[in-house]
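S.K.: Handing you this structure, nothing more for now.
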Amino acid sequence: MALDHTAGLNSLGFAKPPSETRVVVAMSGGVDSSVVAAQLAKEGYDVVGVTLQLYDHGAALAKKGACCAGRDIHDARRVAEEMNFPHYVLDYENIFKDAVIDEFAESYLGGATPVPCIRCNERVKFKDLLETAKDLEADCMATGHYIQRKMGAHGPELHSAEDSNRDQSYFLFSTTPEQLSYLRFPLGHLPSKEATRALAQKYGLPVADKPDSQDICFVPNGDYAKVIQKLRPGAAEPGNIVHADGRILGTHEGVIHYTIGQRRGLGIGGLSEPLYVVKLDVDTKEVVVGPKDMLATRNIPIKEINWLGDNAFEAVAEREILVKVRSTRPPGPAILRAKPGGFAEVELLSAEEGVSPGQACVFYEEGSTRILGGGWIWRGA
């Protein structure tokens with residue numbers, strides 16, 4: 001990432017030396033963002049590291065495998081000291097609670113399956129933190145996300161990471177064109193996570209062998225229901241487990257304990273056919289179960305569209321694209337139909353199982369790595 005003398009631009013795309021280019025690096029304390037900060041510091045950029053305290057890390061210190069805990073703040077500070085650049089910790093607890101945690105709880109209680117990491121990127125990191133970076137008079141903000149920013153004919157474009165196993169495009173689809181013009185993702189072109197760790201070793205970083213975070217940062221051990229019960233005591237009301245044909249098969253302790261597509265742990269053994277959760281009805285407090293074929297979905301209503309394509313979203317009535325309805329699935333072919341007011345309908349050419357309200361649907365350009373945006377799956381009008 002050295003100065004490109006032929007184009008007259010440095011590696012971050014500015015027509016001035018790295019020493020005159022200030023970049024705020026969002027540092028989680030993990031190996032990815034630490035490598036970004038170290039690499040830019042080595043190249044001579046005016047680096048400022050910022051770590052967000054997103055919730056009471058007193059409760060998080062004993063927890064492994066999550067981002068943003070007290071240990072991570074300590075690790076980010078150590079990297080900054082090693083590489084000799086300033087580092088700040090910003091208390092974003094109230095912002096995080098209002099923008100991410102409260103909606104997470106309400107979504108679950110509403111029978112949806114939210115993706116809080118997307119909301120955190122959208123409403124905290126790429127909004128408030130990005131504004132803070134501008135207040136610090138930074139030319140840009142860099143993160144350790146595995147995604148690529150490429151210049152196209154109409155400006156910066158968002159593209160999938162070189163390493164499809166690490167690609168984080170599903171979690172970054174709501175990045176706006178304005179944010180994209182200010183953001184940089186220096187790891188997106190790397191071939192593997194091993195390459196990132198090799199750079200951490202090269203720079204002698206204390207986090208070189210640190211394990212990746214797995215859980216949502218405020219959900220220890222992936223136990224969503226426990227977190228919801230703590231946030232909204234008494235909100236999980238018991239009800240019936242009902243077969244799609246109307247038979248009552250058992251009872252449950254609250255719809256928050258179930259997700260669409262779930263098969264195990266239903267507590268209704270001894271049946272001849274395997275049954276899956278096909279619907280969560282919050283109004284009647286029913287968990288509806290049925291055979292696997294009832295999970296197959298072809299038509300998906302989408303709201304809150306964020307469009308990153310070249311022409312206006314509503315300018316084209318139908319587009320043939322690829323979509324992801326889950327972060328772990330490869331994109332599949334679909335038809336995207338624009339509707340007024342930031343709504344759309346997605347028709348999957350091959351039915352998907354377990355499509356759930358509250359999840360994201362991310363759009364990709366056919367025959368390309370470009371991300372065209374996406375939206376949120378909902379129940380429809």
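Going through the structure tokens in order, the chains are called A, B, and so on, while each chain numbers its residues from 1 and the ligands are numbered from 1 in the order shown.
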A:Val323: which residues within 7 Å, counting only C-alpha atoms, same-chain residues fewer than 2 positions away excluded, as JSON, numbers by chain?

M.R.: {"A": [321, 325, 331, 332, 333, 334, 361, 362, 363, 364]}

S.K.: Going by DSSP on the backbone, which bits of stretch 40-122 of chain A are strand (DSSP E)? Write them as a list in words, please.

M.R.: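 Restricting stretch 40-122 of chain A to strand (DSSP E) produces Asp46, Val47, Val48, Gly49, Val50, Thr51, Leu52, Gln53, His87, Tyr88, Val89, Leu90 and Asp91 of chain A.
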
S.K.: At a cut-off of 10 Å, can you tabulate as CSV every residue of stretch 180-254 of chain A near stretch 83-89 of chain A together with its closest atom pair and the distance in Å to one decimal, using only C-alpha atoms and ordering rows by chain then number?

M.R.:
```
residue,atom,partner,partner_atom,distance
A:Tyr203,CA,A:Met83,CA,8.7
A:Gly204,CA,A:Met83,CA,9.5
A:Leu205,CA,A:Met83,CA,8.8
```
